[in-house]
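Text of start.txt, listed as compact mmCIF, C-alpha atoms:
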# COMPACT_ATOMS: atom_id res chain seq x y z
CA MET D 184 22.66 -3.86 -22.13
CA THR D 185 23.30 -2.50 -18.64
CA TYR D 186 20.63 -1.40 -16.19
CA SER D 187 21.59 2.26 -16.69
CA GLU D 188 21.26 1.86 -20.45
CA ALA D 189 17.83 0.27 -20.00
CA ILE D 190 16.64 3.18 -17.84
CA ASP D 191 18.05 5.71 -20.30
CA TRP D 192 16.16 4.06 -23.16
CA LEU D 193 12.92 3.99 -21.19
CA TYR D 194 13.19 7.65 -20.27
CA GLU D 195 13.87 8.62 -23.87
CA LEU D 196 10.38 7.31 -24.60
CA ARG D 197 9.04 10.13 -22.43
CA LEU D 198 9.91 12.50 -25.28
CA LEU D 199 6.92 10.96 -27.08
CA GLY D 200 4.70 12.56 -24.46
CA SER D 201 1.44 11.19 -23.11
CA LYS D 202 -0.97 9.71 -25.66
CA LEU D 203 -4.19 8.51 -24.13
CA GLY D 204 -5.74 5.57 -25.96
CA LEU D 205 -5.91 1.78 -25.88
CA ASP D 206 -4.93 0.73 -29.41
CA ASN D 207 -1.17 0.81 -28.83
CA PRO D 208 -1.15 -0.91 -25.43
CA ARG D 209 -3.50 -3.60 -26.72
CA GLN D 210 -1.32 -4.20 -29.75
CA LEU D 211 1.86 -4.16 -27.68
CA ALA D 212 0.39 -6.62 -25.20
CA ALA D 213 -0.71 -8.85 -28.08
CA HIS D 214 2.85 -8.88 -29.45
CA ALA D 215 3.99 -9.93 -25.95
CA GLY D 216 1.52 -12.84 -25.93
CA ASN D 217 -1.27 -11.10 -24.00
CA PRO D 218 0.21 -11.79 -20.55
CA HIS D 219 -2.71 -10.05 -18.85
CA GLU D 220 -5.02 -12.87 -19.91
CA ARG D 221 -3.15 -15.13 -17.46
CA LEU D 222 -3.59 -12.80 -14.49
CA ARG D 223 -6.26 -11.64 -12.01
CA PHE D 224 -6.54 -7.89 -11.34
CA ILE D 225 -8.12 -5.40 -9.01
CA HIS D 226 -8.11 -2.17 -11.02
CA VAL D 227 -7.93 1.10 -9.06
CA ALA D 228 -8.63 4.59 -10.42
CA GLY D 229 -9.36 7.95 -8.77
CA THR D 230 -7.71 11.28 -8.06
CA ASN D 231 -6.30 10.71 -4.58
CA GLY D 232 -5.60 7.55 -2.62
CA LYS D 233 -5.11 5.15 -5.55
CA GLY D 234 -1.66 4.08 -4.43
CA SER D 235 -2.68 3.85 -0.79
CA VAL D 236 -5.67 1.62 -1.58
CA CYS D 237 -3.49 -0.57 -3.81
CA ALA D 238 -0.91 -0.85 -1.02
CA MET D 239 -3.63 -1.74 1.50
CA LEU D 240 -5.12 -4.41 -0.75
CA GLU D 241 -1.65 -5.78 -1.47
CA SER D 242 -0.88 -6.02 2.25
CA ILE D 243 -4.19 -7.82 2.86
CA CYS D 244 -3.58 -10.29 0.03
CA ARG D 245 -0.01 -11.00 1.07
CA GLU D 246 -1.11 -11.48 4.67
CA ALA D 247 -3.52 -14.10 3.33
CA GLY D 248 -0.64 -15.95 1.67
CA LEU D 249 -1.31 -14.80 -1.90
CA LYS D 250 1.57 -13.94 -4.20
CA THR D 251 0.99 -10.32 -5.14
CA GLY D 252 1.87 -8.05 -8.02
CA LEU D 253 1.77 -4.30 -7.36
CA TYR D 254 1.86 -1.76 -10.19
CA THR D 255 1.93 1.93 -9.21
CA SER D 256 3.30 5.22 -10.48
CA PRO D 257 5.18 7.45 -10.28
CA HIS D 258 8.12 6.27 -8.21
CA LEU D 259 9.86 8.19 -5.44
CA LEU D 260 13.45 6.99 -5.52
CA SER D 261 13.85 4.04 -7.86
CA PHE D 262 12.11 3.18 -11.12
CA ARG D 263 11.98 -0.41 -9.81
CA GLU D 264 9.35 0.64 -7.24
CA ARG D 265 6.74 0.73 -10.00
CA ILE D 266 6.70 -3.06 -10.47
CA GLN D 267 6.76 -5.19 -7.31
CA VAL D 268 6.11 -8.83 -6.43
CA ASN D 269 5.32 -9.44 -2.76
CA ARG D 270 6.52 -5.85 -2.21
CA ARG D 271 9.95 -6.64 -3.64
CA PRO D 272 10.85 -4.22 -6.45
CA VAL D 273 11.67 -5.83 -9.77
CA SER D 274 15.40 -6.56 -10.07
CA GLN D 275 17.82 -4.64 -12.23
CA ALA D 276 18.54 -7.80 -14.24
CA GLU D 277 14.82 -8.29 -14.91
CA ILE D 278 14.45 -4.65 -16.02
CA VAL D 279 17.24 -5.26 -18.54
CA ARG D 280 15.57 -8.45 -19.81
CA LEU D 281 12.18 -6.78 -20.10
CA THR D 282 13.63 -3.72 -21.83
CA GLU D 283 15.38 -5.85 -24.44
CA CYS D 284 12.12 -7.72 -25.01
CA LEU D 285 10.11 -4.51 -25.42
CA GLN D 286 12.74 -2.96 -27.69
CA ALA D 287 12.22 -5.86 -30.07
CA LEU D 288 8.44 -5.53 -29.93
CA LEU D 289 8.55 -1.80 -30.68
CA LYS D 290 10.12 -2.58 -34.05
CA LYS D 291 6.70 -3.86 -35.09
CA PHE D 292 5.26 -0.32 -34.83
CA PRO D 293 5.60 2.47 -37.40
CA ALA D 294 7.93 5.27 -36.34
CA ASP D 295 5.08 7.76 -36.06
CA ARG D 296 3.02 5.53 -33.78
CA LEU D 297 5.47 4.22 -31.23
CA PRO D 298 4.09 3.31 -27.78
CA THR D 299 4.79 5.83 -25.04
CA PHE D 300 6.86 5.40 -21.87
CA PHE D 301 3.84 4.50 -19.74
CA GLU D 302 2.44 2.09 -22.33
CA VAL D 303 5.76 0.26 -22.52
CA VAL D 304 6.19 0.10 -18.75
CA THR D 305 2.61 -1.17 -18.37
CA VAL D 306 3.27 -4.10 -20.69
CA MET D 307 6.61 -4.71 -18.97
CA ALA D 308 4.69 -5.06 -15.70
CA LEU D 309 2.20 -7.48 -17.26
CA GLU D 310 5.01 -9.62 -18.64
CA HIS D 311 6.84 -9.67 -15.30
CA PHE D 312 3.73 -10.56 -13.28
CA ALA D 313 2.81 -13.35 -15.70
CA ARG D 314 6.35 -14.74 -15.59
CA GLU D 315 6.25 -14.65 -11.79
CA GLU D 316 2.81 -16.33 -11.81
CA VAL D 317 1.39 -13.98 -9.19
CA ASP D 318 -2.01 -14.79 -7.71
CA ILE D 319 -3.42 -11.26 -7.79
CA VAL D 320 -2.33 -7.91 -9.29
CA LEU D 321 -3.15 -4.59 -7.62
CA TRP D 322 -3.28 -2.41 -10.70
CA GLU D 323 -3.21 1.40 -10.43
CA THR D 324 -4.18 3.62 -13.34
CA GLY D 325 -1.68 6.19 -14.49
CA LEU D 326 -3.95 9.01 -15.69
CA GLY D 327 -7.73 9.00 -15.83
CA GLY D 328 -9.00 5.53 -16.61
CA ARG D 329 -11.05 5.28 -19.79
CA LEU D 330 -8.07 5.71 -22.13
CA ASP D 331 -5.32 4.78 -19.67
CA ALA D 332 -2.98 1.99 -20.80
CA THR D 333 -3.91 -0.06 -17.73
CA ASN D 334 -7.50 -0.28 -18.98
CA ILE D 335 -6.78 -3.17 -21.35
CA VAL D 336 -7.41 -5.67 -18.54
CA THR D 337 -10.66 -7.23 -17.36
CA PRO D 338 -10.46 -7.15 -13.55
CA LEU D 339 -12.19 -8.94 -10.72
CA ALA D 340 -13.30 -5.51 -9.49
CA SER D 341 -13.11 -1.86 -10.48
CA VAL D 342 -12.25 0.42 -7.57
CA ILE D 343 -12.60 4.21 -7.61
CA THR D 344 -11.02 6.33 -4.89
CA PRO D 345 -12.04 9.98 -4.18
CA ILE D 346 -12.35 12.07 -7.32
CA ASP D 347 -11.28 15.71 -7.39
CA LEU D 348 -9.90 18.30 -9.79
CA ASP D 349 -6.45 17.40 -11.13
CA HIS D 350 -4.88 16.96 -14.59
CA GLN D 351 -7.69 19.04 -16.06
CA GLN D 352 -5.70 19.57 -19.27
CA TYR D 353 -6.16 15.85 -19.99
CA LEU D 354 -9.33 14.83 -18.16
CA GLY D 355 -11.66 17.81 -18.39
CA GLU D 356 -12.36 21.00 -16.48
CA THR D 357 -15.33 19.82 -14.42
CA LEU D 358 -15.78 17.17 -11.77
CA GLU D 359 -18.38 15.47 -13.98
CA GLN D 360 -15.93 15.21 -16.89
CA ILE D 361 -13.15 13.87 -14.69
CA ALA D 362 -15.51 11.38 -13.06
CA ALA D 363 -16.54 10.12 -16.50
CA GLU D 364 -12.91 9.44 -17.35
CA LYS D 365 -12.37 7.57 -14.07
CA ALA D 366 -15.60 5.63 -14.63
CA GLY D 367 -14.12 4.37 -17.87
CA ILE D 368 -12.57 1.46 -15.97
CA ILE D 369 -16.06 0.08 -15.20
CA LYS D 370 -16.64 -3.14 -17.16
CA PRO D 371 -19.92 -4.94 -17.96
CA GLY D 372 -21.00 -7.08 -15.03
CA ILE D 373 -17.81 -6.46 -13.04
CA PRO D 374 -18.49 -5.15 -9.51
CA VAL D 375 -17.61 -1.53 -8.77
CA PHE D 376 -16.46 -0.24 -5.39
CA SER D 377 -16.27 3.49 -4.71
CA ALA D 378 -15.19 5.78 -1.95
CA ARG D 379 -17.63 8.46 -0.84
CA GLN D 380 -17.76 11.04 -3.62
CA GLU D 381 -19.08 14.51 -4.22
CA PRO D 382 -22.71 14.20 -5.44
CA THR D 383 -21.83 15.24 -9.00
CA ALA D 384 -19.09 12.59 -9.25
CA SER D 385 -21.24 9.97 -7.54
CA SER D 386 -24.09 10.39 -10.01
CA VAL D 387 -21.69 9.92 -12.94
CA LEU D 388 -20.28 6.71 -11.45
CA GLU D 389 -23.75 5.37 -10.66
CA SER D 390 -24.90 6.07 -14.23
CA HIS D 391 -21.89 4.30 -15.77
CA ALA D 392 -22.28 1.32 -13.44
CA PHE D 393 -26.00 1.03 -14.23
CA GLN D 394 -25.39 1.17 -17.99
CA ALA D 395 -22.73 -1.54 -17.67
CA GLY D 396 -24.88 -3.77 -15.47
CA ALA D 397 -22.12 -3.55 -12.87
CA PRO D 398 -23.20 -3.78 -9.22
CA MET D 399 -21.87 -0.80 -7.28
CA SER D 400 -21.05 -0.52 -3.57
CA VAL D 401 -19.88 2.55 -1.65
CA ALA D 402 -17.58 2.50 1.37
CA SER D 403 -19.23 4.90 3.79
CA ASP D 404 -17.34 4.38 7.03
CA GLU D 405 -13.74 4.29 8.29
CA ALA D 406 -11.42 1.42 9.18
CA ASN D 407 -8.27 1.19 11.24
CA THR D 408 -4.96 1.24 9.43
CA ARG D 409 -1.31 1.89 10.08
CA LEU D 410 -1.34 4.95 7.80
CA SER D 411 -2.12 8.32 9.38
CA GLY D 412 -5.14 10.51 8.79
CA ARG D 413 -8.89 10.35 8.41
CA HIS D 414 -8.50 10.06 4.64
CA GLN D 415 -6.42 6.92 5.11
CA ARG D 416 -9.03 5.45 7.43
CA GLN D 417 -11.55 6.09 4.65
CA ASN D 418 -9.19 4.48 2.13
CA ALA D 419 -8.89 1.53 4.49
CA ALA D 420 -12.68 1.17 4.60
CA LEU D 421 -12.72 0.99 0.81
CA ALA D 422 -9.92 -1.61 0.72
CA LYS D 423 -11.67 -3.61 3.44
CA LEU D 424 -14.94 -3.59 1.49
CA VAL D 425 -13.23 -4.78 -1.69
CA ALA D 426 -11.35 -7.54 0.13
CA ARG D 427 -14.49 -8.72 1.94
CA GLU D 428 -16.67 -8.81 -1.18
CA VAL D 429 -14.20 -9.83 -3.91
CA LEU D 430 -11.71 -11.96 -1.98
CA SER D 431 -14.27 -13.56 0.27
CA GLU D 432 -11.95 -16.45 1.08
CA ILE D 433 -9.81 -14.08 3.19
CA PRO D 434 -10.92 -14.13 6.86
CA ALA D 435 -11.86 -10.89 8.58
CA ASN D 436 -8.95 -11.10 11.01
CA VAL D 437 -6.49 -11.40 8.11
CA ILE D 438 -7.98 -8.29 6.49
CA GLU D 439 -7.50 -6.38 9.74
CA ALA D 440 -3.92 -7.64 10.07
CA GLY D 441 -3.11 -6.59 6.53
CA LEU D 442 -4.42 -3.07 7.13
CA ALA D 443 -2.41 -2.87 10.36
CA LYS D 444 0.83 -3.80 8.57
CA VAL D 445 0.52 -1.77 5.36
CA GLN D 446 3.46 0.41 4.36
CA TRP D 447 3.26 3.24 1.84
CA ALA D 448 6.01 5.82 1.67
CA ALA D 449 5.56 9.61 1.77
CA ARG D 450 1.99 9.57 3.03
CA ALA D 451 2.21 11.66 6.21
CA GLN D 452 5.32 9.60 6.94
CA CYS D 453 7.23 10.76 10.01
CA PHE D 454 10.99 10.39 10.48
CA GLN D 455 12.87 11.14 13.70
CA LEU D 456 16.23 12.77 12.93
CA GLY D 457 17.83 13.33 16.31
CA GLU D 458 15.68 15.96 18.02
CA GLN D 459 13.91 16.85 14.78
CA GLN D 460 10.75 15.33 13.33
CA VAL D 461 10.36 15.43 9.53
CA VAL D 462 6.91 14.64 8.14
CA ILE D 463 6.77 13.95 4.42
CA ASP D 464 3.57 13.85 2.40
CA ALA D 465 2.93 13.57 -1.33
CA ALA D 466 0.19 16.23 -1.35
CA HIS D 467 0.21 17.84 -4.80
CA ASN D 468 -3.40 18.89 -5.38
CA PRO D 469 -5.97 20.75 -3.26
CA ALA D 470 -7.77 17.67 -1.92
CA SER D 471 -4.56 15.93 -0.85
CA ALA D 472 -3.34 19.18 0.74
CA GLU D 473 -6.53 19.33 2.82
CA ALA D 474 -5.97 15.71 3.88
CA PHE D 475 -2.41 16.50 4.94
CA ALA D 476 -3.61 19.57 6.84
CA ASP D 477 -6.02 17.33 8.74
CA VAL D 478 -3.13 15.00 9.67
CA LEU D 479 -1.00 17.89 10.91
CA GLN D 480 -3.85 19.21 13.05
CA GLU D 481 -4.70 15.74 14.34
CA LYS D 482 -1.20 14.45 15.16
CA TYR D 483 0.67 17.70 15.87
CA ALA D 484 -2.06 19.87 17.35
CA ASP D 485 0.32 21.49 19.85
CA GLN D 486 3.01 22.37 17.27
CA ARG D 487 3.28 24.65 14.26
CA PRO D 488 5.64 23.11 11.71
CA THR D 489 8.11 24.72 9.39
CA LEU D 490 6.77 24.04 5.91
CA LEU D 491 9.34 23.15 3.23
CA LEU D 492 7.41 23.69 0.03
CA GLY D 493 8.23 23.20 -3.65
CA MET D 494 5.68 22.91 -6.45
CA LEU D 495 5.13 22.53 -10.16
CA ALA D 496 3.76 25.57 -11.97
CA ASP D 497 0.99 23.58 -13.71
CA LYS D 498 -0.58 22.45 -10.43
CA ASN D 499 -3.25 24.34 -8.47
CA TRP D 500 -0.52 25.66 -6.22
CA ASP D 501 -2.26 28.76 -4.87
CA SER D 502 -5.02 26.63 -3.36
CA ILE D 503 -2.47 24.28 -1.78
CA VAL D 504 -0.59 27.23 -0.28
CA ALA D 505 -3.82 28.67 1.10
CA THR D 506 -4.54 25.35 2.84
CA LEU D 507 -1.12 24.60 4.33
CA ALA D 508 0.66 27.93 4.92
CA PRO D 509 -1.73 29.11 7.70
CA LEU D 510 -0.72 26.06 9.74
CA ALA D 511 2.99 26.82 9.54
CA ASN D 512 5.28 28.70 11.88
CA ARG D 513 7.51 29.41 8.90
CA VAL D 514 7.46 28.60 5.18
CA VAL D 515 10.62 27.90 3.17
CA CYS D 516 10.01 27.89 -0.59
CA VAL D 517 12.33 25.93 -2.86
CA PRO D 518 12.54 25.07 -6.56
CA VAL D 519 12.07 21.47 -7.69
CA ASN D 520 14.27 19.85 -10.28
CA SER D 521 11.83 19.96 -13.15
CA GLU D 522 11.35 22.23 -16.14
CA ARG D 523 7.81 22.72 -14.78
CA SER D 524 9.02 24.04 -11.42
CA LEU D 525 7.27 27.06 -9.95
CA ARG D 526 9.72 29.83 -9.05
CA PRO D 527 10.25 30.06 -5.28
CA ASP D 528 9.60 33.80 -5.29
CA GLU D 529 6.13 33.26 -6.84
CA LEU D 530 5.41 30.60 -4.26
CA ALA D 531 6.64 32.89 -1.48
CA THR D 532 4.40 35.76 -2.62
CA ALA D 533 1.37 33.49 -2.31
CA ALA D 534 2.54 32.11 1.06
CA ARG D 535 3.01 35.59 2.58
CA ALA D 536 -0.74 36.13 2.37
CA HIS D 537 -1.16 33.30 4.90
CA CYS D 538 2.03 33.21 6.98
CA ALA D 539 4.17 36.03 8.39
CA ALA D 540 7.54 34.24 8.12
CA VAL D 541 8.30 33.20 4.55
CA GLU D 542 11.66 32.83 2.83
CA CYS D 543 13.07 31.53 -0.44
CA ALA D 544 15.95 29.13 -0.92
CA GLY D 545 17.86 28.75 -4.17
CA SER D 546 17.88 24.96 -4.04
CA ILE D 547 16.42 22.04 -2.12
CA GLY D 548 19.78 21.62 -0.41
CA ALA D 549 19.74 25.23 0.75
CA GLY D 550 16.18 24.79 1.98
CA LEU D 551 17.15 21.73 4.01
CA GLU D 552 20.05 23.65 5.52
CA SER D 553 17.68 26.46 6.50
CA VAL D 554 15.28 24.14 8.35
CA LYS D 555 17.75 21.74 9.96
CA GLN D 556 17.40 23.27 13.45
CA ASP D 557 13.60 23.42 13.43
CA PRO D 558 11.88 20.83 15.68
CA LEU D 559 9.07 19.90 13.26
CA VAL D 560 9.38 20.15 9.48
CA ALA D 561 6.61 19.26 7.03
CA VAL D 562 7.78 18.60 3.45
CA THR D 563 5.21 18.60 0.65
CA GLY D 564 4.03 20.09 -2.64
CA SER D 565 5.57 17.87 -5.32
CA LEU D 566 6.73 14.29 -5.70
CA TYR D 567 9.88 15.70 -7.27
CA LEU D 568 10.60 17.54 -4.02
CA ILE D 569 9.67 14.54 -1.86
CA GLY D 570 11.97 12.17 -3.70
CA GLU D 571 14.99 14.42 -3.57
CA VAL D 572 14.48 15.26 0.12
CA MET D 573 14.18 11.57 0.99
CA GLU D 574 17.37 10.82 -0.90
CA SER D 575 19.25 13.83 0.50
CA LEU D 576 18.36 12.89 4.09
CA ASN D 577 18.82 9.16 3.40
CA LEU D 578 15.31 8.59 4.71
CA ALA D 579 14.65 5.52 2.60
CA GLY D 580 18.00 3.79 2.96
CA ALA D 581 20.41 3.21 0.10
CA VAL D 582 19.26 4.11 -3.39
CA ASP D 583 20.71 1.97 -6.16
CA GLU D 584 20.34 4.53 -8.95
CA PRO D 585 20.96 8.00 -7.54
CA ASN D 586 21.57 9.49 -10.96
CA LEU D 587 18.52 7.93 -12.57
CA ASN D 588 15.72 9.30 -10.45
CA GLU D 589 12.83 10.79 -12.38
CA TRP D 590 13.30 14.29 -10.95
CA LYS D 591 16.88 14.31 -12.31
CA MET D 592 15.75 13.80 -15.87

Could you spell out this file's structure in structure tokens?
Amino acid sequence: MTYSEAIDWLYELRLLGSKLGLDNPRQLAAHAGNPHERLRFIHVAGTNGKGSVCAMLESICREAGLKTGLYTSPHLLSFRERIQVNRRPVSQAEIVRLTECLQALLKKFPADRLPTFFEVVTVMALEHFAREEVDIVLWETGLGGRLDATNIVTPLASVITPIDLDHQQYLGETLEQIAAEKAGIIKPGIPVFSARQEPTASSVLESHAFQAGAPMSVASDEANTRLSGRHQRQNAALAKLVAREVLSEIPANVIEAGLAKVQWAARAQCFQLGEQQVVIDAAHNPASAEAFADVLQEKYADQRPTLLLGMLADKNWDSIVATLAPLANRVVCVPVNSERSLRPDELATAARAHCAAVECAGSIGAGLESVKQDPLVAVTGSLYLIGEVMESLNLAGAVDEPNLNEWKM
């Protein structure tokens, strides 16, 4: 099997859709020898900031000399980003080995109950981390928490980042329902650490923690970090609290150093391209759009950016447009390479209510051509858009699988 064949097989599993539940991942992990039972986890759920908090905790742990495993999703450029040891993406050869192993294990399941893409990748990550004998795994949920495949582990701590409305078709229409799904990662007696939440979400978390006999702490301040924005300083405060309370052997100065060195792509990340600045952010729901707007107003108060915007139709795109378009000098609307893409003309109609200069481009390439002379360009709206822009502008260096990126599928 080649690496390309392994990726093709994995992506074919996506045709099975998303099936929330723990029976299959538990059974699949059991067939693999329950690798998670040999590992220590910090489990992170929430609507926004999950990946950032995982990256911060990973940086702190690695700064302390621990061997780290990092499991996040989705990826931006390479599938290998999802599974990292000491921030090194899993190798192509290891992906092939793991895929062949999981292919064999899937034969133990009936055809009508095959594990999904995310369930398979989750167990692949567990197997890889156990084989690498990592000291600590920073473990991000995929969707929700209660029935997410990652929830088969018993962690050192359960961490919940800010909760907001997103994925309502899976998690519920109200903040209380979504919070209950996120709170599903809380385990009996295992400490819980939460960001500041809306009162309705906070009460749900407190109730679940009380019922589980799990002590709960809330990060209520901000901490310095390399990542931009008030929301990232709040994320840093949460990561700092977890590290101080759960990994008490790590000195305070090491925690600070880890937060100062953290790297996490496409979070208000600025690139200098000649005379042009390109700021890329993975905002794809209303709360993350508000956070990105705060960054733009904080760091670029004297400039109005050109906004390159592409979105998925099943997101709350009108709210995102209403937040970001008023800050722009010009908005360029593009399609994203997904069957779920919102048409640029629909996006442009919404943007014209908030910005006088709005145009449509027939492709991401055409949109990039349109904005290439503008001094400040902000790119956001969809991870599909972000990934392709980063690849097109070579903003992340060489990509080893240009034809296998998720937005191409």

All residues 8 Å or closer to Gly232 of chain D, all atoms listed in the file, same chain fewer than 3 positions away omitted, as a list in words: Gly229, Ser235, Val236, Thr344, Pro345, Gln415 and Asn418 of chain D

Scan for residues within 7 Å of the point (-5.6, -8.2, -10.1) in the coordinates of the file, using all atoms listed in the file, and reply as a CSV table (one decimal) with C-alpha atoms, keeping the file's coordinate frame.
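Final output, out16.csv:
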chain,number,residue,atom,x,y,z
D,222,LEU,CA,-3.6,-12.8,-14.5
D,223,ARG,CA,-6.3,-11.6,-12.0
D,224,PHE,CA,-6.5,-7.9,-11.3
D,225,ILE,CA,-8.1,-5.4,-9.0
D,226,HIS,CA,-8.1,-2.2,-11.0
D,319,ILE,CA,-3.4,-11.3,-7.8
D,320,VAL,CA,-2.3,-7.9,-9.3
D,321,LEU,CA,-3.2,-4.6,-7.6
D,322,TRP,CA,-3.3,-2.4,-10.7
D,338,PRO,CA,-10.5,-7.2,-13.6
D,339,LEU,CA,-12.2,-8.9,-10.7

Compile the contact shell of segment 433-445 of chain D as a short mmCIF file (atom, residue, chain, number, x, y, z; two decimals) with C-alpha atoms, in the frame of the given file: residues with an atom at most 6 Å away, counting all atoms listed in the file, same-chain residues fewer than 4 positions apart removed.
data_model
loop_
_atom_site.label_atom_id
_atom_site.label_comp_id
_atom_site.auth_asym_id
_atom_site.auth_seq_id
_atom_site.Cartn_x
_atom_site.Cartn_y
_atom_site.Cartn_z
CA MET D 239 -3.63 -1.74 1.50
CA SER D 242 -0.88 -6.02 2.25
CA ILE D 243 -4.19 -7.82 2.86
CA GLU D 246 -1.11 -11.48 4.67
CA THR D 408 -4.96 1.24 9.43
CA ARG D 409 -1.31 1.89 10.08
#

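Note that the spacing between atom CA of Glu529 of chain D and atom CA of Trp500 of chain D amounts to 10.1 Å.
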
Pick from D:Leu196, D:Leu288, D:Ala363, D:Leu249: nearest to Ala212 of chain D, with only C-alpha atoms counted?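 Among the listed residues, D:Leu288 lies closest to Ala212 of chain D.
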
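With distances restricted to all atoms listed in the file, D:Asn231 is the closest residue to Gln417 of chain D from D:Gln480, D:Gln275, D:Asn231, D:Ser575.
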
Using all atoms listed in the file, find all polymer residues with an atom at most 6 Å away from the point (-1.0, 13.9, 4.8); report them as a ChimeraX atom specification. /D:450-451,464,474-475,478
